[in-house]
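This is coords_12.cif (mmCIF, C-alpha atoms).
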data_input
#
loop_
_atom_site.group_PDB
_atom_site.id
_atom_site.type_symbol
_atom_site.label_atom_id
_atom_site.label_comp_id
_atom_site.auth_asym_id
_atom_site.auth_seq_id
_atom_site.Cartn_x
_atom_site.Cartn_y
_atom_site.Cartn_z
ATOM 1 C CA VAL A 1 138.958 86.611 125.541
ATOM 2 C CA GLY A 2 138.038 88.996 122.718
ATOM 3 C CA THR A 3 135.354 91.607 122.550
ATOM 4 C CA PRO A 4 131.747 90.436 122.491
ATOM 5 C CA PRO A 5 129.674 91.687 119.586
ATOM 6 C CA ALA A 6 127.959 94.940 120.415
ATOM 7 C CA VAL A 7 124.593 93.460 119.616
ATOM 8 C CA GLU A 8 123.056 90.543 117.756
ATOM 9 C CA VAL A 9 121.813 91.315 114.258
ATOM 10 C CA ARG A 10 119.075 89.217 112.661
ATOM 11 C CA LEU A 11 117.137 89.099 109.437
ATOM 12 C CA ALA A 12 113.625 90.418 110.047
ATOM 13 C CA GLY A 13 110.686 88.292 108.943
ATOM 14 C CA PRO A 14 106.937 88.913 108.919
ATOM 15 C CA ASP A 15 106.737 88.498 112.723
ATOM 16 C CA ASP A 16 109.221 91.342 113.099
ATOM 17 C CA ALA A 17 107.328 93.792 110.901
ATOM 18 C CA GLY A 18 105.962 95.636 113.940
ATOM 19 C CA ASP A 19 109.396 96.117 115.515
ATOM 20 C CA ALA A 20 110.970 97.245 112.254
ATOM 21 C CA ALA A 21 108.063 99.598 111.550
ATOM 22 C CA ARG A 22 108.272 101.150 115.021
ATOM 23 C CA LEU A 23 111.960 101.945 114.522
ATOM 24 C CA LEU A 24 111.396 103.348 111.018
ATOM 25 C CA HIS A 25 108.563 105.512 112.321
ATOM 26 C CA ASP A 26 110.823 106.777 115.146
ATOM 27 C CA PHE A 27 113.546 107.491 112.569
ATOM 28 C CA ASN A 28 111.454 109.796 110.438
ATOM 29 C CA THR A 29 109.788 111.367 113.468
ATOM 30 C CA GLU A 30 113.168 112.209 114.995
ATOM 31 C CA PHE A 31 114.367 113.850 111.776
ATOM 32 C CA GLY A 32 111.137 115.663 110.972
ATOM 33 C CA GLU A 33 110.355 113.564 107.895
ATOM 34 C CA ALA A 34 106.890 112.358 106.890
ATOM 35 C CA THR A 35 105.820 108.926 108.143
ATOM 36 C CA PRO A 36 102.537 107.105 107.584
ATOM 37 C CA GLY A 37 102.735 105.667 111.134
ATOM 38 C CA ALA A 38 104.056 102.361 112.454
ATOM 39 C CA GLU A 39 100.963 100.337 111.570
ATOM 40 C CA LYS A 40 100.938 101.318 107.887
ATOM 41 C CA LEU A 41 104.721 100.832 107.713
ATOM 42 C CA ALA A 42 104.380 97.289 109.083
ATOM 43 C CA GLU A 43 101.764 96.487 106.427
ATOM 44 C CA ARG A 44 104.011 97.940 103.751
ATOM 45 C CA LEU A 45 107.025 95.903 104.889
ATOM 46 C CA ARG A 46 104.959 92.705 104.700
ATOM 47 C CA GLU A 47 103.936 93.706 101.175
ATOM 48 C CA LEU A 48 107.526 94.485 100.162
ATOM 49 C CA TRP A 49 108.722 91.130 101.495
ATOM 50 C CA THR A 50 106.395 89.360 99.061
ATOM 51 C CA GLN A 51 108.202 91.142 96.188
ATOM 52 C CA GLY A 52 111.672 89.865 97.100
ATOM 53 C CA ASP A 53 113.615 93.106 96.619
ATOM 54 C CA THR A 54 113.692 94.228 100.260
ATOM 55 C CA VAL A 55 115.810 92.921 103.154
ATOM 56 C CA VAL A 56 115.350 94.254 106.681
ATOM 57 C CA LEU A 57 117.808 93.676 109.532
ATOM 58 C CA LEU A 58 117.134 94.237 113.228
ATOM 59 C CA ALA A 59 119.735 94.695 115.952
ATOM 60 C CA GLY A 60 119.058 93.598 119.533
ATOM 61 C CA THR A 61 116.124 92.090 121.412
ATOM 62 C CA PRO A 62 114.125 94.179 121.893
ATOM 63 C CA ALA A 63 115.174 95.758 118.627
ATOM 64 C CA VAL A 64 117.155 98.995 118.976
ATOM 65 C CA GLY A 65 118.368 99.392 115.401
ATOM 66 C CA VAL A 66 117.145 98.700 111.884
ATOM 67 C CA ALA A 67 118.599 98.588 108.374
ATOM 68 C CA VAL A 68 116.583 98.394 105.153
ATOM 69 C CA MET A 69 118.246 97.142 101.970
ATOM 70 C CA ARG A 70 116.742 97.269 98.475
ATOM 71 C CA LEU A 71 118.145 95.096 95.708
ATOM 72 C CA ARG A 72 117.705 95.078 91.949
ATOM 73 C CA LEU A 73 119.398 93.799 88.850
ATOM 74 C CA SER A 74 122.282 95.995 87.790
ATOM 75 C CA ILE A 75 122.531 97.518 84.321
ATOM 76 C CA TRP A 76 126.319 97.569 84.176
ATOM 77 C CA THR A 77 127.120 94.094 85.478
ATOM 78 C CA ALA A 78 125.492 90.679 85.358
ATOM 79 C CA GLY A 79 124.854 90.925 89.115
ATOM 80 C CA ARG A 80 122.659 93.000 91.349
ATOM 81 C CA GLU A 81 123.074 96.362 93.019
ATOM 82 C CA CYS A 82 122.125 97.141 96.580
ATOM 83 C CA TYR A 83 120.777 100.395 97.984
ATOM 84 C CA LEU A 84 120.896 100.939 101.718
ATOM 85 C CA ALA A 85 117.616 102.786 102.048
ATOM 86 C CA GLU A 86 117.493 103.184 105.827
ATOM 87 C CA LEU A 87 119.802 102.805 108.814
ATOM 88 C CA TYR A 88 118.632 103.821 112.281
ATOM 89 C CA VAL A 89 119.746 103.252 115.853
ATOM 90 C CA GLU A 90 117.704 104.430 118.822
ATOM 91 C CA PRO A 91 119.126 107.600 120.390
ATOM 92 C CA GLY A 92 119.940 105.898 123.727
ATOM 93 C CA ARG A 93 121.958 103.149 122.034
ATOM 94 C CA ARG A 94 124.175 105.234 119.757
ATOM 95 C CA GLY A 95 127.952 105.140 119.992
ATOM 96 C CA GLN A 96 127.893 101.489 121.132
ATOM 97 C CA GLY A 97 128.642 99.717 117.865
ATOM 98 C CA VAL A 98 125.037 98.944 116.913
ATOM 99 C CA GLY A 99 125.291 100.774 113.593
ATOM 100 C CA ARG A 100 128.575 99.049 112.809
ATOM 101 C CA ALA A 101 127.114 95.629 113.648
ATOM 102 C CA LEU A 102 124.181 96.328 111.307
ATOM 103 C CA MET A 103 126.465 97.561 108.534
ATOM 104 C CA THR A 104 128.750 94.538 108.802
ATOM 105 C CA ARG A 105 125.761 92.266 108.251
ATOM 106 C CA VAL A 106 124.412 94.545 105.485
ATOM 107 C CA LEU A 107 127.633 94.107 103.519
ATOM 108 C CA GLU A 108 127.628 90.324 104.057
ATOM 109 C CA ILE A 109 124.052 90.019 102.863
ATOM 110 C CA ALA A 110 124.607 92.296 99.887
ATOM 111 C CA ARG A 111 127.460 90.011 98.788
ATOM 112 C CA GLU A 112 125.375 86.878 99.436
ATOM 113 C CA GLN A 113 122.600 88.381 97.313
ATOM 114 C CA GLY A 114 124.994 88.850 94.403
ATOM 115 C CA ALA A 115 125.316 92.606 94.611
ATOM 116 C CA ASP A 116 128.404 94.037 92.908
ATOM 117 C CA TRP A 117 128.173 97.294 94.819
ATOM 118 C CA ILE A 118 126.171 99.069 97.449
ATOM 119 C CA GLU A 119 125.044 102.683 97.479
ATOM 120 C CA LEU A 120 123.628 104.970 100.154
ATOM 121 C CA ASN A 121 122.987 108.607 100.905
ATOM 122 C CA SER A 122 124.044 110.427 104.015
ATOM 123 C CA ASP A 123 123.250 113.932 105.205
ATOM 124 C CA GLU A 124 126.175 116.315 105.261
ATOM 125 C CA ASP A 125 125.729 116.952 108.996
ATOM 126 C CA ASP A 126 125.345 113.297 109.978
ATOM 127 C CA THR A 127 129.013 113.042 110.869
ATOM 128 C CA ALA A 128 128.742 109.829 112.924
ATOM 129 C CA ALA A 129 127.075 107.932 110.079
ATOM 130 C CA ARG A 130 129.493 109.331 107.517
ATOM 131 C CA ALA A 131 132.486 108.317 109.653
ATOM 132 C CA LEU A 132 131.040 104.807 109.938
ATOM 133 C CA TYR A 133 130.494 104.502 106.172
ATOM 134 C CA GLU A 134 133.933 105.876 105.390
ATOM 135 C CA SER A 135 135.575 103.485 107.865
ATOM 136 C CA LEU A 136 133.957 100.624 105.942
ATOM 137 C CA GLY A 137 135.421 101.856 102.651
ATOM 138 C CA PHE A 138 132.476 103.787 101.228
ATOM 139 C CA GLU A 139 133.481 106.685 99.022
ATOM 140 C CA LYS A 140 131.563 109.902 98.606
ATOM 141 C CA THR A 141 131.376 110.206 94.847
ATOM 142 C CA ALA A 142 128.462 112.533 94.118
ATOM 143 C CA TYR A 143 125.644 114.664 95.407
ATOM 144 C CA TYR A 144 122.240 113.158 96.029
ATOM 145 C CA TYR A 145 119.274 115.102 94.649
ATOM 146 C CA GLU A 146 115.563 114.548 95.131
ATOM 147 C CA LEU A 147 112.289 116.006 93.909
ATOM 148 C CA GLU A 148 108.782 115.386 95.178
ATOM 149 C CA LEU A 149 106.353 114.647 92.349
ATOM 150 C CA VAL B 1 104.614 130.552 66.720
ATOM 151 C CA GLY B 2 106.425 129.153 69.738
ATOM 152 C CA THR B 3 109.696 127.332 70.014
ATOM 153 C CA PRO B 4 109.916 123.868 68.506
ATOM 154 C CA PRO B 5 110.945 121.084 70.881
ATOM 155 C CA ALA B 6 114.696 120.601 70.904
ATOM 156 C CA VAL B 7 114.304 116.958 70.056
ATOM 157 C CA GLU B 8 111.706 114.215 70.094
ATOM 158 C CA VAL B 9 111.816 111.911 73.103
ATOM 159 C CA ARG B 10 110.415 108.388 72.887
ATOM 160 C CA LEU B 11 110.048 105.358 75.114
ATOM 161 C CA ALA B 12 112.617 102.740 74.093
ATOM 162 C CA GLY B 13 111.401 99.210 73.386
ATOM 163 C CA PRO B 14 113.224 95.981 72.546
ATOM 164 C CA ASP B 15 114.015 97.210 69.005
ATOM 165 C CA ASP B 16 115.822 100.198 70.506
ATOM 166 C CA ALA B 17 118.036 98.171 72.837
ATOM 167 C CA GLY B 18 121.026 98.546 70.525
ATOM 168 C CA ASP B 19 120.719 102.340 70.318
ATOM 169 C CA ALA B 20 120.256 102.715 74.057
ATOM 170 C CA ALA B 21 123.157 100.351 74.757
ATOM 171 C CA ARG B 22 125.463 102.232 72.397
ATOM 172 C CA LEU B 23 124.769 105.515 74.207
ATOM 173 C CA LEU B 24 125.207 103.941 77.654
ATOM 174 C CA HIS B 25 128.476 102.379 76.551
ATOM 175 C CA ASP B 26 129.650 105.782 75.226
ATOM 176 C CA PHE B 27 128.613 107.364 78.536
ATOM 177 C CA ASN B 28 130.798 105.153 80.690
ATOM 178 C CA THR B 29 133.622 105.188 78.188
ATOM 179 C CA GLU B 30 133.647 108.993 78.150
ATOM 180 C CA PHE B 31 133.792 109.168 81.958
ATOM 181 C CA GLY B 32 136.279 106.343 82.432
ATOM 182 C CA GLU B 33 133.785 103.993 84.083
ATOM 183 C CA ALA B 34 133.600 100.250 83.504
ATOM 184 C CA THR B 35 131.281 99.031 80.743
ATOM 185 C CA PRO B 36 130.610 95.494 79.576
ATOM 186 C CA GLY B 37 130.276 96.760 75.982
ATOM 187 C CA ALA B 38 127.261 97.722 73.904
ATOM 188 C CA GLU B 39 126.259 94.163 72.996
ATOM 189 C CA LYS B 40 126.071 92.929 76.599
ATOM 190 C CA LEU B 41 124.305 96.120 77.630
ATOM 191 C CA ALA B 42 121.652 95.583 74.955
ATOM 192 C CA GLU B 43 121.062 92.031 76.211
ATOM 193 C CA ARG B 44 120.818 93.317 79.763
ATOM 194 C CA LEU B 45 118.294 96.002 78.838
ATOM 195 C CA ARG B 46 116.096 93.402 77.162
ATOM 196 C CA GLU B 47 116.307 91.314 80.332
ATOM 197 C CA LEU B 48 115.490 94.294 82.565
ATOM 198 C CA TRP B 49 112.465 95.172 80.430
ATOM 199 C CA THR B 50 110.975 91.754 81.192
ATOM 200 C CA GLN B 51 111.122 92.621 84.916
ATOM 201 C CA GLY B 52 109.057 95.796 84.613
ATOM 202 C CA ASP B 53 111.143 98.060 86.861
ATOM 203 C CA THR B 54 113.166 99.792 84.144
ATOM 204 C CA VAL B 55 112.108 102.544 81.707
ATOM 205 C CA VAL B 56 114.476 103.795 79.020
ATOM 206 C CA LEU B 57 113.943 106.981 77.012
ATOM 207 C CA LEU B 58 115.728 107.952 73.822
ATOM 208 C CA ALA B 59 116.034 111.450 72.354
ATOM 209 C CA GLY B 60 116.331 111.998 68.605
ATOM 210 C CA THR B 61 116.509 109.808 65.521
ATOM 211 C CA PRO B 62 119.189 108.636 65.330
ATOM 212 C CA ALA B 63 119.318 108.648 69.115
ATOM 213 C CA VAL B 64 121.626 111.260 70.648
ATOM 214 C CA GLY B 65 120.542 111.036 74.273
ATOM 215 C CA VAL B 66 119.330 108.410 76.727
ATOM 216 C CA ALA B 67 117.720 108.306 80.164
ATOM 217 C CA VAL B 68 117.311 105.198 82.333
ATOM 218 C CA MET B 69 114.700 105.158 85.102
ATOM 219 C CA ARG B 70 114.329 102.465 87.766
ATOM 220 C CA LEU B 71 111.101 102.186 89.738
ATOM 221 C CA ARG B 72 110.158 100.319 92.896
ATOM 222 C CA LEU B 73 107.532 100.341 95.596
ATOM 223 C CA SER B 74 108.232 102.983 98.214
ATOM 224 C CA ILE B 75 108.498 102.172 101.916
ATOM 225 C CA TRP B 76 107.205 105.507 103.150
ATOM 226 C CA THR B 77 104.210 105.982 100.878
ATOM 227 C CA ALA B 78 101.678 103.745 99.179
ATOM 228 C CA GLY B 79 103.192 104.697 95.807
ATOM 229 C CA ARG B 80 106.434 104.061 94.039
ATOM 230 C CA GLU B 81 109.788 105.814 94.010
ATOM 231 C CA CYS B 82 111.836 106.526 90.926
ATOM 232 C CA TYR B 83 115.608 106.579 90.592
ATOM 233 C CA LEU B 84 117.115 108.266 87.567
ATOM 234 C CA ALA B 85 119.993 105.860 87.055
ATOM 235 C CA GLU B 86 121.483 107.326 83.872
ATOM 236 C CA LEU B 87 121.209 110.472 81.778
ATOM 237 C CA TYR B 88 123.504 111.006 78.824
ATOM 238 C CA VAL B 89 123.651 113.281 75.794
ATOM 239 C CA GLU B 90 126.248 112.855 73.075
ATOM 240 C CA PRO B 91 129.049 115.445 73.346
ATOM 241 C CA GLY B 92 128.215 117.085 70.003
ATOM 242 C CA ARG B 93 124.566 117.627 70.995
ATOM 243 C CA ARG B 94 125.019 119.191 74.415
ATOM 244 C CA GLY B 95 123.724 122.644 75.265
ATOM 245 C CA GLN B 96 120.812 122.243 72.816
ATOM 246 C CA GLY B 97 118.023 121.247 75.217
ATOM 247 C CA VAL B 98 118.296 117.487 74.705
ATOM 248 C CA GLY B 99 118.884 116.809 78.408
ATOM 249 C CA ARG B 100 115.987 119.059 79.349
ATOM 250 C CA ALA B 101 113.674 117.340 76.849
ATOM 251 C CA LEU B 102 114.645 113.957 78.320
ATOM 252 C CA MET B 103 114.155 115.168 81.896
ATOM 253 C CA THR B 104 110.749 116.667 81.120
ATOM 254 C CA ARG B 105 109.569 113.289 79.859
ATOM 255 C CA VAL B 106 111.285 111.505 82.786
ATOM 256 C CA LEU B 107 109.221 113.524 85.253
ATOM 257 C CA GLU B 108 106.007 112.904 83.299
ATOM 258 C CA ILE B 109 106.607 109.173 83.197
ATOM 259 C CA ALA B 110 107.606 108.999 86.866
ATOM 260 C CA ARG B 111 104.273 110.621 87.749
ATOM 261 C CA GLU B 112 102.352 108.339 85.356
ATOM 262 C CA GLN B 113 104.037 105.347 87.007
ATOM 263 C CA GLY B 114 102.791 106.445 90.415
ATOM 264 C CA ALA B 115 106.120 107.628 91.791
ATOM 265 C CA ASP B 116 105.845 110.025 94.733
ATOM 266 C CA TRP B 117 109.384 111.270 94.267
ATOM 267 C CA ILE B 118 112.409 110.910 92.084
ATOM 268 C CA GLU B 119 116.036 110.693 93.148
ATOM 269 C CA LEU B 120 119.337 110.958 91.300
ATOM 270 C CA ASN B 121 123.032 111.471 91.886
ATOM 271 C CA SER B 122 125.186 114.038 90.182
ATOM 272 C CA ASP B 123 128.919 114.556 90.298
ATOM 273 C CA GLU B 124 130.065 117.716 92.011
ATOM 274 C CA ASP B 125 131.876 118.904 88.872
ATOM 275 C CA ASP B 126 129.015 118.153 86.465
ATOM 276 C CA THR B 127 127.795 121.721 86.632
ATOM 277 C CA ALA B 128 125.601 121.592 83.511
ATOM 278 C CA ALA B 129 123.659 118.585 84.784
ATOM 279 C CA ARG B 130 123.345 120.046 88.263
ATOM 280 C CA ALA B 131 122.036 123.333 86.853
ATOM 281 C CA LEU B 132 119.463 121.394 84.825
ATOM 282 C CA TYR B 133 118.292 119.361 87.842
ATOM 283 C CA GLU B 134 118.116 122.444 90.048
ATOM 284 C CA SER B 135 116.140 124.354 87.415
ATOM 285 C CA LEU B 136 113.576 121.540 87.514
ATOM 286 C CA GLY B 137 113.220 121.814 91.297
ATOM 287 C CA PHE B 138 115.556 119.047 92.438
ATOM 288 C CA GLU B 139 117.167 119.699 95.802
ATOM 289 C CA LYS B 140 120.580 118.528 96.860
ATOM 290 C CA THR B 141 119.826 116.953 100.225
ATOM 291 C CA ALA B 142 122.695 114.561 100.935
ATOM 292 C CA TYR B 143 125.946 113.022 99.824
ATOM 293 C CA TYR B 144 125.949 109.886 97.705
ATOM 294 C CA TYR B 145 128.314 107.121 98.827
ATOM 295 C CA GLU B 146 129.221 103.858 97.127
ATOM 296 C CA LEU B 147 131.297 100.769 97.826
ATOM 297 C CA GLU B 148 132.308 97.999 95.447
ATOM 298 C CA LEU B 149 131.648 94.568 96.930
#
Let me see the structure of the file written as structure tokens.
Amino acid sequence: VGTPPAVEVRLAGPDDAGDAARLLHDFNTEFGEATPGAEKLAERLRELWTQGDTVVLLAGTPAVGVAVMRLRLSIWTAGRECYLAELYVEPGRRGQGVGRALMTRVLEIAREQGADWIELNSDEDDTAARALYESLGFEKTAYYYELEL
Amino acid sequence: VGTPPAVEVRLAGPDDAGDAARLLHDFNTEFGEATPGAEKLAERLRELWTQGDTVVLLAGTPAVGVAVMRLRLSIWTAGRECYLAELYVEPGRRGQGVGRALMTRVLEIAREQGADWIELNSDEDDTAARALYESLGFEKTAYYYELEL
């Protein structure tokens, strides 16, 4: 009979901007990072979608998880490169395969979009996320640095 | 009388594509990474420059160092975010302030371009680069992961 998928994953469109923005706002709030609020984030997502370099996935109805992918032309190959900018699952739905379902679709879409590789950053202490990425074949190859300007 | 700048840093334009490509090709060759060759890289840089999301800096005449910046609209702020994709100084010119001169201009340009932060990745064993980034205020906040698709 097989195992049912943990959750349905769909491509978010303009009508989903509010749901995606709510989850992104919750993400940064949970981890003590700055957020402009769900309303401004929804506006920004609609703006980014007009530029064509941003793909947002939602898991579940109502949405309980979100992934944000950014794409650009690669320097080193004739294809594109994908950056997984955000991946978040609501606290109450963790450990149920939602993150894996999102990541599976992320990799499919990255390939469909002509990306030759995908990159992401993960906090040292985010062991669940790191285990997920490593189980999918991601390799930790460097340190990630940032500077506010 | 002050200390003269280590080297002059300039914004690369289409006429500099060959110089920038040669340095990028040398970069990947030195570190055993794939490269399509200098000619294809020069073509690609010219293509990227038509898209407006890529800034290339060259240090010295003839050029002995290169930096490649990628810019995009940020999700979390109304500004942009900058990714320092590449930074390379020829082996014979290291330890002479060329990397620092490039990075100083990188930060200026990122600010001019409306970036609210800048990100980069650095190999664990690239201690000279990491010391440079840390001296400029960069903080190591996560691990960088990648997967070929």
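With all atoms listed in the file as the basis for measurement, A:Phe31 is the residue among A:Phe31, A:Leu48, A:Ala59, A:Asp26 that approaches Asp123 in chain A most closely.
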Worksheet item: Around (128.4, 118.3, 76.8) in the file's own coordinates, what residues are found within 12 Å if you use all atoms listed in the file, given back as an MDAnalysis selection string?
Response: chainID B and resid 27 30:31 64:65 87:99 126:129
With C-alpha atoms retained, could you export that selection as a compact mmCIF listing (two decimals), in the coordinates of the input?
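Printed below is out_29.txt as written:
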# COMPACT_ATOMS: atom_id res chain seq x y z
CA PHE B 27 128.61 107.36 78.54
CA GLU B 30 133.65 108.99 78.15
CA PHE B 31 133.79 109.17 81.96
CA VAL B 64 121.63 111.26 70.65
CA GLY B 65 120.54 111.04 74.27
CA LEU B 87 121.21 110.47 81.78
CA TYR B 88 123.50 111.01 78.82
CA VAL B 89 123.65 113.28 75.79
CA GLU B 90 126.25 112.86 73.08
CA PRO B 91 129.05 115.44 73.35
CA GLY B 92 128.22 117.08 70.00
CA ARG B 93 124.57 117.63 71.00
CA ARG B 94 125.02 119.19 74.42
CA GLY B 95 123.72 122.64 75.26
CA GLN B 96 120.81 122.24 72.82
CA GLY B 97 118.02 121.25 75.22
CA VAL B 98 118.30 117.49 74.70
CA GLY B 99 118.88 116.81 78.41
CA ASP B 126 129.01 118.15 86.46
CA THR B 127 127.80 121.72 86.63
CA ALA B 128 125.60 121.59 83.51
CA ALA B 129 123.66 118.58 84.78
Discussion item. As a check of understanding, name the residues that the PyMOL selection byres ((chain B) within 6 of (chain A)) selects in the supplied structure, as JSON, numbers by chain.
Written reply: {"B": [116, 117, 118, 119, 120, 121, 122, 123, 124, 138, 139, 140, 141, 142, 143, 144, 145, 146, 147, 148, 149]}
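Taking all atoms listed in the file into account, the polymer residues that have an atom no farther than 7 Å from (111.9, 94.3, 106.3) are A:Ala12, A:Gly13, A:Ala17, A:Ala20, A:Leu45, A:Trp49, A:Thr54, A:Val55, A:Val56, A:Leu57, A:Val68.
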Fill in: Residue IDs satisfying the PyMOL selection byres ((chain B and resi 60) around 7), as an NGL selection string
:B and (7-9 or 58-59 or 61-64)
Return as JSON the box centre and box size in Å, one decimal, for an axis-aligned box around all listed atoms of range 17-34 of chain A padded by 5 Å per side.
{"center_x": 110.2, "center_y": 104.7, "center_z": 111.2, "size_x": 18.4, "size_y": 31.9, "size_z": 18.6}
Discussion item. Using Å and a single decimal, report how far CA of Arg10 in chain B sits from CA of Val106 in chain B.
Written reply: 10.4 Å
Worksheet item: If you measure from CA of Ser135 in chain A to CA of Leu11 in chain A, what distance in Å do you get, rounded to one decimal?
Response: 23.4 Å
